[in-house]
Every structure is written in C-alpha cells, then in structure tokens.
>>> print(open('entry04.txt').read())   # compact mmCIF, C-alpha atoms and all ligand atoms
# COMPACT_ATOMS: atom_id res chain seq x y z
CA MET A 1 -13.05 17.98 -17.77
CA ILE A 2 -13.04 14.92 -19.99
CA PHE A 3 -16.04 13.27 -21.50
CA LYS A 4 -16.14 9.77 -22.79
CA GLN A 5 -18.06 9.89 -26.00
CA LYS A 6 -19.58 7.47 -28.45
CA THR A 7 -18.93 9.54 -31.52
CA ILE A 8 -18.02 13.16 -32.08
CA GLY A 9 -21.02 15.27 -31.17
CA GLN A 10 -22.57 12.43 -29.23
CA LEU A 11 -21.05 12.88 -25.85
CA ILE A 12 -22.19 10.61 -23.08
CA GLY A 13 -20.62 11.82 -19.89
CA PRO A 14 -21.48 13.24 -17.51
CA PRO A 15 -24.82 12.43 -19.17
CA LYS A 16 -27.13 14.71 -17.20
CA ALA A 17 -24.99 17.76 -17.74
CA LEU A 18 -24.72 17.78 -21.50
CA ILE A 19 -27.48 19.14 -23.61
CA SER A 20 -25.92 20.05 -26.93
CA THR A 21 -22.76 20.60 -28.88
CA THR A 22 -21.94 23.18 -31.50
CA ASN A 23 -19.02 24.51 -33.49
CA ARG A 24 -17.94 28.12 -33.08
CA ASP A 25 -14.73 29.85 -34.05
CA GLY A 26 -13.35 26.53 -35.20
CA GLY A 27 -13.78 25.00 -31.77
CA LEU A 28 -16.36 22.59 -30.50
CA PHE A 29 -18.39 23.88 -27.59
CA VAL A 30 -20.18 21.60 -25.22
CA PHE A 31 -22.98 23.25 -23.32
CA VAL A 32 -23.73 21.99 -19.89
CA GLU A 33 -27.14 22.00 -18.33
CA GLY A 34 -28.13 25.54 -17.36
CA GLY A 35 -25.42 26.98 -19.58
CA VAL A 36 -26.39 30.00 -21.60
CA GLY A 37 -24.02 30.83 -24.38
CA ARG A 38 -20.35 30.72 -24.75
CA LYS A 39 -19.25 31.81 -21.30
CA ARG A 40 -21.07 28.98 -19.60
CA GLY A 41 -20.03 26.40 -22.18
CA ILE A 42 -16.98 24.18 -22.04
CA LYS A 43 -14.75 24.43 -25.07
CA VAL A 44 -13.25 21.17 -26.18
CA ALA A 45 -9.60 21.42 -27.25
CA VAL A 46 -8.95 17.85 -28.32
CA ILE A 47 -11.38 15.26 -29.62
CA ILE A 48 -10.03 11.77 -30.04
CA SER A 49 -12.16 9.18 -31.76
CA ILE A 50 -10.21 6.07 -32.70
CA LYS A 51 -12.21 3.10 -33.90
CA GLU A 52 -9.21 0.91 -34.55
CA LYS A 53 -5.46 1.06 -34.90
CA THR A 54 -3.69 -2.03 -36.15
CA PHE A 55 -0.08 -3.01 -36.72
CA VAL A 56 1.18 -5.92 -38.74
CA GLN A 57 3.45 -7.96 -36.48
CA GLU A 58 5.20 -11.03 -37.87
CA GLY A 59 2.79 -11.10 -40.78
CA ARG A 60 -0.27 -10.97 -38.53
CA LYS A 61 -2.59 -8.01 -38.13
CA THR A 62 -2.88 -7.02 -34.46
CA THR A 63 -5.37 -4.51 -33.07
CA VAL A 64 -3.41 -2.22 -30.76
CA LEU A 65 -6.05 0.43 -30.02
CA GLU A 66 -9.79 -0.02 -30.16
CA ASN A 67 -12.66 2.35 -29.51
CA ILE A 68 -10.82 5.19 -27.81
CA GLN A 69 -13.15 8.15 -27.30
CA LEU A 70 -11.89 11.14 -25.35
CA SER A 71 -12.59 14.86 -25.32
CA ILE A 72 -10.26 17.18 -23.48
CA ALA A 73 -11.08 20.77 -22.54
CA PRO A 74 -8.54 23.57 -23.08
CA GLY A 75 -6.06 23.95 -20.29
CA GLU A 76 -6.63 20.46 -18.91
CA PHE A 77 -3.72 18.41 -17.69
CA LEU A 78 -4.51 14.82 -18.65
CA THR A 79 -2.23 12.07 -17.43
CA LEU A 80 -2.42 8.74 -19.24
CA ILE A 81 -1.34 5.60 -17.46
CA GLY A 82 -1.46 1.98 -18.55
CA PRO A 83 0.51 -1.24 -18.76
CA SER A 84 3.55 -1.52 -20.98
CA GLY A 85 2.60 -2.22 -24.58
CA CYS A 86 -1.04 -1.15 -24.18
CA GLY A 87 -0.61 1.52 -26.86
CA LYS A 88 0.09 4.77 -24.97
CA SER A 89 2.88 5.91 -27.28
CA THR A 90 0.86 4.83 -30.31
CA LEU A 91 -2.06 6.94 -29.07
CA LEU A 92 0.17 9.96 -28.44
CA LYS A 93 1.74 9.65 -31.90
CA ILE A 94 -1.71 9.61 -33.46
CA ILE A 95 -2.68 12.77 -31.54
CA ALA A 96 0.61 14.35 -32.68
CA GLY A 97 -0.13 13.55 -36.32
CA LEU A 98 2.95 11.33 -36.48
CA ASP A 99 0.79 8.33 -37.37
CA SER A 100 -2.26 8.74 -39.57
CA ASP A 101 -2.68 5.08 -40.49
CA TYR A 102 -5.72 4.29 -38.34
CA ASP A 103 -9.50 4.22 -38.48
CA GLY A 104 -10.86 7.31 -36.76
CA SER A 105 -10.11 10.98 -36.29
CA VAL A 106 -8.38 13.48 -34.01
CA GLU A 107 -9.32 17.15 -33.87
CA ILE A 108 -7.48 19.95 -32.13
CA ASN A 109 -9.53 23.11 -31.77
CA GLY A 110 -11.79 22.08 -34.60
CA ARG A 111 -9.00 21.20 -37.01
CA SER A 112 -8.43 17.65 -38.09
CA VAL A 113 -4.94 16.35 -37.27
CA THR A 114 -3.37 14.34 -40.07
CA VAL A 115 0.25 15.51 -40.05
CA PRO A 116 2.62 16.83 -37.36
CA GLY A 117 2.24 20.58 -36.84
CA ILE A 118 3.10 23.35 -34.45
CA GLN A 119 -0.33 23.11 -32.82
CA GLN A 120 0.79 19.89 -31.15
CA GLY A 121 4.19 19.90 -29.44
CA PHE A 122 5.78 16.55 -28.68
CA ILE A 123 8.27 15.70 -25.94
CA PHE A 124 9.91 12.30 -26.21
CA GLN A 125 11.40 10.26 -23.40
CA GLU A 126 14.89 11.15 -24.65
CA HIS A 127 15.42 14.82 -25.34
CA ARG A 128 16.61 14.53 -28.98
CA LEU A 129 18.65 17.75 -28.95
CA PHE A 130 21.02 18.73 -31.76
CA PRO A 131 24.52 18.04 -30.31
CA TRP A 132 26.17 20.76 -32.41
CA LEU A 133 23.84 23.53 -31.19
CA THR A 134 23.90 25.42 -27.88
CA VAL A 135 20.99 25.48 -25.45
CA GLU A 136 19.51 28.67 -26.90
CA GLN A 137 20.12 27.51 -30.48
CA ASN A 138 18.45 24.20 -29.72
CA ILE A 139 15.42 26.01 -28.33
CA ALA A 140 15.22 28.30 -31.36
CA ALA A 141 16.02 25.41 -33.77
CA ASP A 142 14.76 26.51 -37.19
CA LEU A 143 13.72 29.98 -35.94
CA ASN A 144 16.18 32.86 -36.24
CA LEU A 145 17.74 33.74 -32.88
CA LYS A 146 18.83 37.09 -34.31
CA ASP A 147 15.19 38.07 -34.62
CA PRO A 148 14.56 40.12 -31.43
CA THR A 149 11.07 38.63 -30.98
CA VAL A 150 12.44 35.08 -31.14
CA LYS A 151 15.36 35.98 -28.85
CA GLN A 152 13.02 37.54 -26.30
CA LYS A 153 10.79 34.47 -26.25
CA VAL A 154 13.79 32.13 -25.99
CA ASP A 155 15.13 34.17 -23.05
CA GLU A 156 11.75 34.08 -21.35
CA LEU A 157 11.56 30.31 -21.75
CA ILE A 158 15.12 29.82 -20.50
CA GLU A 159 13.99 31.64 -17.38
CA ILE A 160 10.82 29.53 -17.06
CA VAL A 161 12.63 26.19 -17.41
CA ARG A 162 15.34 27.45 -15.05
CA LEU A 163 18.32 27.30 -17.39
CA LYS A 164 19.62 30.83 -16.95
CA GLY A 165 23.41 30.81 -17.19
CA SER A 166 23.47 27.74 -19.46
CA GLU A 167 22.36 29.47 -22.68
CA LYS A 168 25.67 28.88 -24.43
CA ALA A 169 26.23 25.32 -23.18
CA TYR A 170 26.18 22.34 -25.57
CA PRO A 171 24.08 19.22 -24.91
CA ARG A 172 27.20 17.21 -23.93
CA GLU A 173 27.67 19.63 -21.03
CA LEU A 174 24.13 19.19 -19.73
CA SER A 175 22.61 16.68 -17.32
CA GLY A 176 19.64 14.58 -18.45
CA GLY A 177 17.23 16.83 -16.56
CA MET A 178 18.69 20.00 -18.08
CA SER A 179 18.48 18.49 -21.57
CA GLN A 180 14.85 17.59 -21.05
CA ARG A 181 14.15 21.16 -19.94
CA VAL A 182 15.70 22.40 -23.21
CA ALA A 183 13.40 20.03 -25.12
CA ILE A 184 10.38 21.36 -23.20
CA ALA A 185 11.40 24.97 -23.92
CA ARG A 186 11.86 24.14 -27.62
CA ALA A 187 8.35 22.72 -27.81
CA LEU A 188 6.86 25.68 -25.90
CA LEU A 189 8.51 28.27 -28.16
CA ARG A 190 6.15 27.16 -30.94
CA GLU A 191 3.26 27.92 -28.57
CA PRO A 192 1.50 24.61 -29.14
CA GLU A 193 -2.18 24.34 -28.38
CA VAL A 194 -1.50 20.92 -26.91
CA LEU A 195 1.73 19.61 -25.43
CA LEU A 196 2.12 15.84 -25.70
CA LEU A 197 4.65 14.26 -23.36
CA ASP A 198 5.64 10.61 -23.66
CA GLU A 199 7.24 9.57 -20.36
CA PRO A 200 9.32 12.73 -20.40
CA PHE A 201 10.96 12.06 -17.04
CA GLY A 202 11.22 8.27 -17.28
CA ALA A 203 14.99 8.21 -17.68
CA LEU A 204 15.71 10.60 -14.82
CA ASP A 205 16.57 9.99 -11.18
CA ALA A 206 13.84 10.51 -8.58
CA PHE A 207 15.12 13.89 -7.39
CA THR A 208 15.43 15.42 -10.87
CA ARG A 209 12.10 13.91 -11.80
CA LYS A 210 10.34 15.61 -8.89
CA HIS A 211 12.00 18.90 -9.73
CA LEU A 212 10.92 18.71 -13.38
CA GLN A 213 7.37 17.81 -12.39
CA ASP A 214 7.25 21.13 -10.53
CA VAL A 215 8.81 22.95 -13.49
CA LEU A 216 6.14 21.48 -15.74
CA LEU A 217 3.33 22.48 -13.35
CA ASP A 218 4.77 25.99 -13.24
CA ILE A 219 4.73 26.16 -17.05
CA TRP A 220 1.19 24.81 -17.15
CA ARG A 221 0.05 27.46 -14.66
CA ARG A 222 1.71 30.27 -16.58
CA LYS A 223 0.98 29.22 -20.18
CA LYS A 224 -2.30 27.37 -19.69
CA THR A 225 -1.25 24.89 -22.39
CA THR A 226 -3.38 21.76 -22.64
CA MET A 227 -1.18 18.86 -21.53
CA ILE A 228 -1.38 15.15 -22.26
CA LEU A 229 1.32 13.25 -20.41
CA VAL A 230 2.00 9.52 -20.56
CA THR A 231 3.66 8.01 -17.54
CA HIS A 232 4.38 4.65 -15.97
CA ASP A 233 4.33 6.22 -12.56
CA ILE A 234 1.05 6.35 -10.62
CA ASP A 235 2.48 8.85 -8.17
CA GLU A 236 3.43 11.17 -11.04
CA SER A 237 0.03 10.79 -12.70
CA VAL A 238 -1.77 11.84 -9.51
CA TYR A 239 0.69 14.63 -8.70
CA LEU A 240 0.38 16.27 -12.12
CA GLY A 241 -2.98 15.59 -13.66
CA ASN A 242 -6.33 17.19 -13.03
CA GLU A 243 -7.74 14.34 -15.11
CA LEU A 244 -6.37 10.85 -15.28
CA ALA A 245 -7.10 8.16 -17.84
CA ILE A 246 -6.20 4.54 -17.25
CA LEU A 247 -5.70 2.45 -20.37
CA LYS A 248 -6.00 -1.30 -20.51
CA ALA A 249 -4.17 -3.59 -22.91
CA LYS A 250 -5.02 -6.07 -25.66
CA PRO A 251 -6.53 -4.18 -27.30
CA GLY A 252 -5.69 -0.81 -25.81
CA ASN A 253 -8.72 1.14 -24.71
CA ILE A 254 -9.84 3.41 -21.92
CA HIS A 255 -10.49 1.50 -18.71
CA LYS A 256 -11.41 4.54 -16.63
CA VAL A 257 -11.26 8.34 -16.64
CA MET A 258 -11.01 9.97 -13.24
CA PRO A 259 -10.89 13.64 -12.25
CA ILE A 260 -8.26 14.43 -9.63
CA HIS A 261 -9.89 16.87 -7.24
CA LEU A 262 -6.80 18.03 -5.39
CA ALA A 263 -5.64 21.64 -5.17
CA TYR A 264 -2.22 22.61 -6.54
CA PRO A 265 0.50 22.60 -5.32
CA ARG A 266 -0.04 19.03 -4.22
CA ASN A 267 1.47 17.27 -1.28
CA ARG A 268 2.18 13.57 -1.77
CA THR A 269 2.03 12.87 1.96
CA THR A 270 -1.54 14.04 2.61
CA PRO A 271 -4.26 11.44 3.24
CA ASP A 272 -6.27 12.83 0.30
CA PHE A 273 -3.37 12.31 -2.10
CA GLN A 274 -2.73 8.82 -0.76
CA ALA A 275 -6.42 7.91 -1.02
CA ILE A 276 -6.56 8.91 -4.71
CA ARG A 277 -3.27 7.15 -5.39
CA GLN A 278 -4.70 3.99 -3.80
CA LYS A 279 -7.86 4.26 -5.90
CA VAL A 280 -5.81 4.64 -9.09
CA LEU A 281 -3.65 1.69 -8.10
CA SER A 282 -6.64 -0.58 -7.53
CA GLU A 283 -8.17 0.49 -10.86
CA PHE A 284 -4.83 -0.07 -12.50
CA GLU A 285 -4.64 -3.57 -11.08
CA LYS A 286 -8.00 -4.34 -12.60
CA THR A 287 -6.44 -3.83 -16.00
CA GLU A 288 -4.97 -7.32 -15.50
CA ASP A 289 -1.34 -6.82 -16.34
CA LEU A 290 -0.18 -7.26 -12.76
CA GLU A 291 3.20 -8.42 -13.90
CA TYR A 292 3.84 -4.95 -15.29
CA ALA A 293 2.50 -3.20 -12.18
CA GLU A 294 4.94 -5.11 -10.00
CA GLY A 295 7.83 -4.11 -12.18
CA SER A 296 6.99 -0.44 -12.40
CA GLY A 297 8.21 0.69 -9.02
CA ILE A 298 4.69 1.32 -7.70
N1 LIG A 301 5.79 0.40 -35.63
C1 LIG A 301 5.26 -0.68 -35.06
N2 LIG A 301 5.10 -1.83 -35.76
C2 LIG A 301 4.52 -2.92 -35.21
N3 LIG A 301 4.07 -2.96 -33.93
C3 LIG A 301 4.21 -1.85 -33.20
C4 LIG A 301 4.81 -0.66 -33.71
N4 LIG A 301 4.79 0.29 -32.73
C5 LIG A 301 4.23 -0.28 -31.66
N5 LIG A 301 3.88 -1.56 -31.93
C6 LIG A 301 3.20 -2.48 -31.03
O1 LIG A 301 2.04 -1.84 -30.53
C7 LIG A 301 1.84 -2.14 -29.15
C8 LIG A 301 1.74 -0.83 -28.40
O2 LIG A 301 2.99 -0.18 -28.43
P1 LIG A 301 3.23 1.21 -27.70
O3 LIG A 301 4.66 1.59 -27.94
O4 LIG A 301 2.20 2.17 -28.12
O5 LIG A 301 2.99 0.80 -26.19
P2 LIG A 301 3.18 1.64 -24.85
O6 LIG A 301 1.91 1.56 -24.09
O7 LIG A 301 3.70 2.99 -25.17
O8 LIG A 301 4.30 0.80 -24.08
P3 LIG A 301 5.45 1.30 -23.08
O9 LIG A 301 4.74 1.65 -21.79
O10 LIG A 301 6.32 0.11 -22.91
O11 LIG A 301 6.15 2.47 -23.69
C9 LIG A 301 2.98 -3.03 -28.74
O12 LIG A 301 2.53 -4.36 -28.79
C10 LIG A 301 4.04 -2.80 -29.80
O13 LIG A 301 4.80 -3.93 -29.99
MG MG A 302 5.51 3.99 -24.80
>>> encode(input="entry04.txt", output="structure tokens")
Amino acid sequence: MIFKQKTIGQLIGPPKALISTTNRDGGLFVFVEGGVGRKRGIKVAVIISIKEKTFVQEGRKTTVLENIQLSIAPGEFLTLIGPSGCGKSTLLKIIAGLDSDYDGSVEINGRSVTVPGIQQGFIFQEHRLFPWLTVEQNIAADLNLKDPTVKQKVDELIEIVRLKGSEKAYPRELSGGMSQRVAIARALLREPEVLLLDEPFGALDAFTRKHLQDVLLDIWRRKKTTMILVTHDIDESVYLGNELAILKAKPGNIHKVMPIHLAYPRNRTTPDFQAIRQKVLSEFEKTEDLEYAEGSGI
C-alpha cells in the first residue's frame, strides 16, 4: 500500500485509516485505524520525500522533479509510468543513492540513502555485464565463487532466473533476455531490500519481455523483495504492479497512485484487466504528453 504524504510522519492517505506513525527497529510503522501494535501496523520500506531536483541545462536551471512524496510498504511491487523525460530515471537514481544532489530525502527501512549500497539493487535497461566473465562469475561479481555459501546462492539464483546449463557461458553467447536475467540474478545475490528496475525489458522483443515479466513475478513471490519498476508500457505496469504510480512531466511529480486489485497470476485478456488498463490509459492521457503516448506502442 502506498500513501501520498506531505512530509515524513505526516501521511495523508488514506486519511481515515492513519492514526499515527512511529519508528521501531529502524523501520517506520504506520498504524491504521483499529490497529493494535506491530502486527496490525503497516511497515514502510521506502519513504521518498523530494522537494525539488534541478539540472542545469544549457546554462539554465530546470526543475525536473518537484514535490514527490511516496511511501512504499515492504514487499510491494510499485510500477512507475510516465511520459518520456518526466524524470522517472532521475527519481530511480535518487532512490538508488546514485544521485544525492537534490532537496529532500529518501529512507529505506529507516536508513537515509545518500550513496549506492547493497540495500538497493539497480537493474538498468541494458544489462551491463562484464564481457570477460561467465554467467556465474558475472552473478558473483566481487564475491568469491569458491566460497560454498556464495556458490550455493549463485546456483539457486541461476535456477530461479532459469539459466541452468548456461553457467559457463560468456555474455557474447547470450541473448538479450538471458543477459538481463543474469543482471537480475546479480542484483538479487546481494539480497537488496529494494530492487529498482529502470525499463529492464525495454530493449527486448515482446515474447522475451512477457517471459521475463513472469520470471520477475516468480522472484517477487519467492523472495518478497520490494520492487520499484519503471516502464513505458501500460500493459506491463498493470500486469506486474500491485500499486501503480503515474508521473506527469514539467516538472515531474505524481499525477496519481492507484492500487491494482487483481489476483496473480494475471490474465491480460480478462475484462477486469482491460478495465484497469483503460483507466490507467485515460489517467495517463491526462498527463498531457499525448505525443509520447502515441509513440509508446500503447
Ligand atoms: N545529467 C543530466 N544533466 C542535465 N539534464 C538531465 C540529466 N539527466 C536527465 N536530465 C534531464 O532531466 C529530465 C528527466 O530525465 P529522465 O532521464 O529522468 O527522464 P525519464 O522519465 O527517465 O525519460 P525516459 O522515459 O525517456 O527514459 C530530462 O529533461 C533530461 O533531459
Ligand atoms: Mg528513463
């Protein structure tokens, strides 16, 4: 569940439900009406509070993100959708600690994010594998594959991302989809508290894309990792997310946050799926950049 909030500790949605917030065990707990104690509370994994993010472009200061307030509970799958250039990648980089030059704060499980760390895994659109390392070496990266604990985890992940038999292959021998699965396994090996995915399947063909969406859902079900995934694709955002945030551009801020009340596994052909997709599309169109929407294959 996601709450729009004015400032940290001053959550405003859903307004009737929230009565107080408190910090325990390094995590912020939000207690809903009728909640008694920890079990009934909702723990917040990620708190994003960005007042302003600017870039200097051609000597002029431009506000790219403004007043972004989001709280994400552990184990949520948030999909972020918005027109090209509205600041999705910028937002994800801030959450990842790759960009700390902004006015505001990001917390993951009570800890302020200022630099990249293993608590937040990042998957880029292109896989960024090391060409001179095999699949299993790429997954292990700086960890020692000869360590039995590391090896066992790498093997388990190879199984999960369905790469058994390709452990010794080099990136040049892999398809785009296989490479992206290696990148996902590499991020998961570090057991991140949040996995950030920036259009991870954008460069793939439709068939591979659908397959990897299911792989990702399988990982999410098994590992219960909190996911934040940026996509251009409305269909993908509805298929994957249990919460969906639509960003608008100039400056980038949250247009709407919607829960997706559809059971998993989802079927794209059902009337319920189509109805939500249609609702997202009409909200998306309200964000003005229709030119982008036409060009995005929607
Ligand atoms: N390092 C930078 N320096 C200056 N401007 C930047 C920089 N990075 C991004 N921008 C600008 O910030 C805005 C948001 O960029 P961003 O990459 O976050 O958009 P996006 O929503 O991810 O777009 P897309 O969907 O095309 O990937 C754009 O206008 C872009 O030109
Ligand atoms: Mg981007």
>>> residues_near_ligand(input="entry04.txt", ligand="ligand LIG 301 (chain A)", cutoff="9 Å", atoms="all atoms listed in the file", output="VMD selection string")
chain A and resid 54 to 58 62 to 65 81 to 93 198 to 199 230 to 232 247 249 to 252
>>> closest_residue(input="entry04.txt", among="A:Ile276, A:Met178, A:Leu281, A:Leu157", to="A:Ile246", atoms="only C-alpha atoms")
A:Leu281
>>> closest_residue(input="entry04.txt", among="A:Phe124, A:Phe207, A:Phe284, A:Trp220", to="A:Val194", atoms="all atoms listed in the file")
A:Trp220
>>> closest_residue(input="entry04.txt", among="A:Leu197, A:Ala275, A:Val280, A:Leu98", to="A:Ile234", atoms="all atoms listed in the file")
A:Val280
>>> closest_residue(input="entry04.txt", among="A:Val154, A:Leu229, A:Leu70, A:Leu133", to="ligand MG 302 (chain A)", atoms="only C-alpha atoms and all ligand atoms")
A:Leu229
>>> residues_near_point(input="entry04.txt", point="(-1.9, 16.3, -35.9)", cutoff="6 Å", atoms="all atoms listed in the file", output="list in words")
Ile95, Ala96, Gly97, Val113, Thr114, Val115 and Pro116 of chain A
>>> atom_distance(input="entry04.txt", atom1="atom CA of A:Val135", atom2="atom CA of A:Leu240")
26.2 Å
>>> decode(input="entry04.txt", residues="stretch 212-257 of chain A", atoms="C-alpha atoms", output="mmCIF file, in the first residue's frame")
data_model
loop_
_atom_site.group_PDB
_atom_site.id
_atom_site.type_symbol
_atom_site.label_atom_id
_atom_site.label_comp_id
_atom_site.auth_asym_id
_atom_site.auth_seq_id
_atom_site.Cartn_x
_atom_site.Cartn_y
_atom_site.Cartn_z
ATOM 1 C CA LEU A 212 10.815 -12.139 -18.169
ATOM 2 C CA GLN A 213 7.794 -10.448 -16.621
ATOM 3 C CA ASP A 214 6.752 -13.889 -15.363
ATOM 4 C CA VAL A 215 10.292 -14.639 -14.174
ATOM 5 C CA LEU A 216 10.267 -11.381 -12.229
ATOM 6 C CA LEU A 217 6.871 -12.134 -10.669
ATOM 7 C CA ASP A 218 8.152 -15.561 -9.677
ATOM 8 C CA ILE A 219 11.176 -13.962 -7.979
ATOM 9 C CA TRP A 220 8.960 -11.429 -6.247
ATOM 10 C CA ARG A 221 6.705 -14.209 -4.932
ATOM 11 C CA ARG A 222 9.639 -16.252 -3.661
ATOM 12 C CA LYS A 223 11.898 -13.503 -2.280
ATOM 13 C CA LYS A 224 9.291 -10.934 -1.265
ATOM 14 C CA THR A 225 11.672 -8.157 -2.327
ATOM 15 C CA THR A 226 10.138 -4.691 -2.560
ATOM 16 C CA MET A 227 10.134 -3.757 -6.249
ATOM 17 C CA ILE A 228 10.035 -0.381 -7.967
ATOM 18 C CA LEU A 229 9.877 -0.783 -11.728
ATOM 19 C CA VAL A 230 9.846 1.992 -14.316
ATOM 20 C CA THR A 231 8.209 1.180 -17.611
ATOM 21 C CA HIS A 232 6.882 2.864 -20.724
ATOM 22 C CA ASP A 233 4.387 0.092 -21.173
ATOM 23 C CA ILE A 234 0.929 0.430 -19.598
ATOM 24 C CA ASP A 235 0.213 -3.245 -20.156
ATOM 25 C CA GLU A 236 3.400 -4.180 -18.285
ATOM 26 C CA SER A 237 2.643 -1.776 -15.443
ATOM 27 C CA VAL A 238 -0.794 -3.329 -14.884
ATOM 28 C CA TYR A 239 0.445 -6.896 -15.318
ATOM 29 C CA LEU A 240 3.216 -6.546 -12.734
ATOM 30 C CA GLY A 241 2.345 -3.968 -10.137
ATOM 31 C CA ASN A 242 0.105 -4.192 -7.122
ATOM 32 C CA GLU A 243 0.487 -0.416 -6.935
ATOM 33 C CA LEU A 244 0.906 1.898 -9.862
ATOM 34 C CA ALA A 245 2.099 5.497 -9.858
ATOM 35 C CA ILE A 246 1.617 7.758 -12.845
ATOM 36 C CA LEU A 247 4.068 10.635 -13.129
ATOM 37 C CA LYS A 248 3.437 13.811 -15.048
ATOM 38 C CA ALA A 249 6.080 15.989 -16.671
ATOM 39 C CA LYS A 250 7.386 19.546 -16.387
ATOM 40 C CA PRO A 251 8.072 19.380 -13.552
ATOM 41 C CA GLY A 252 7.891 15.682 -12.793
ATOM 42 C CA ASN A 253 5.530 14.838 -9.988
ATOM 43 C CA ILE A 254 2.994 12.219 -9.035
ATOM 44 C CA HIS A 255 -0.220 12.556 -11.015
ATOM 45 C CA LYS A 256 -1.952 9.562 -9.455
ATOM 46 C CA VAL A 257 -1.283 6.472 -7.344
#
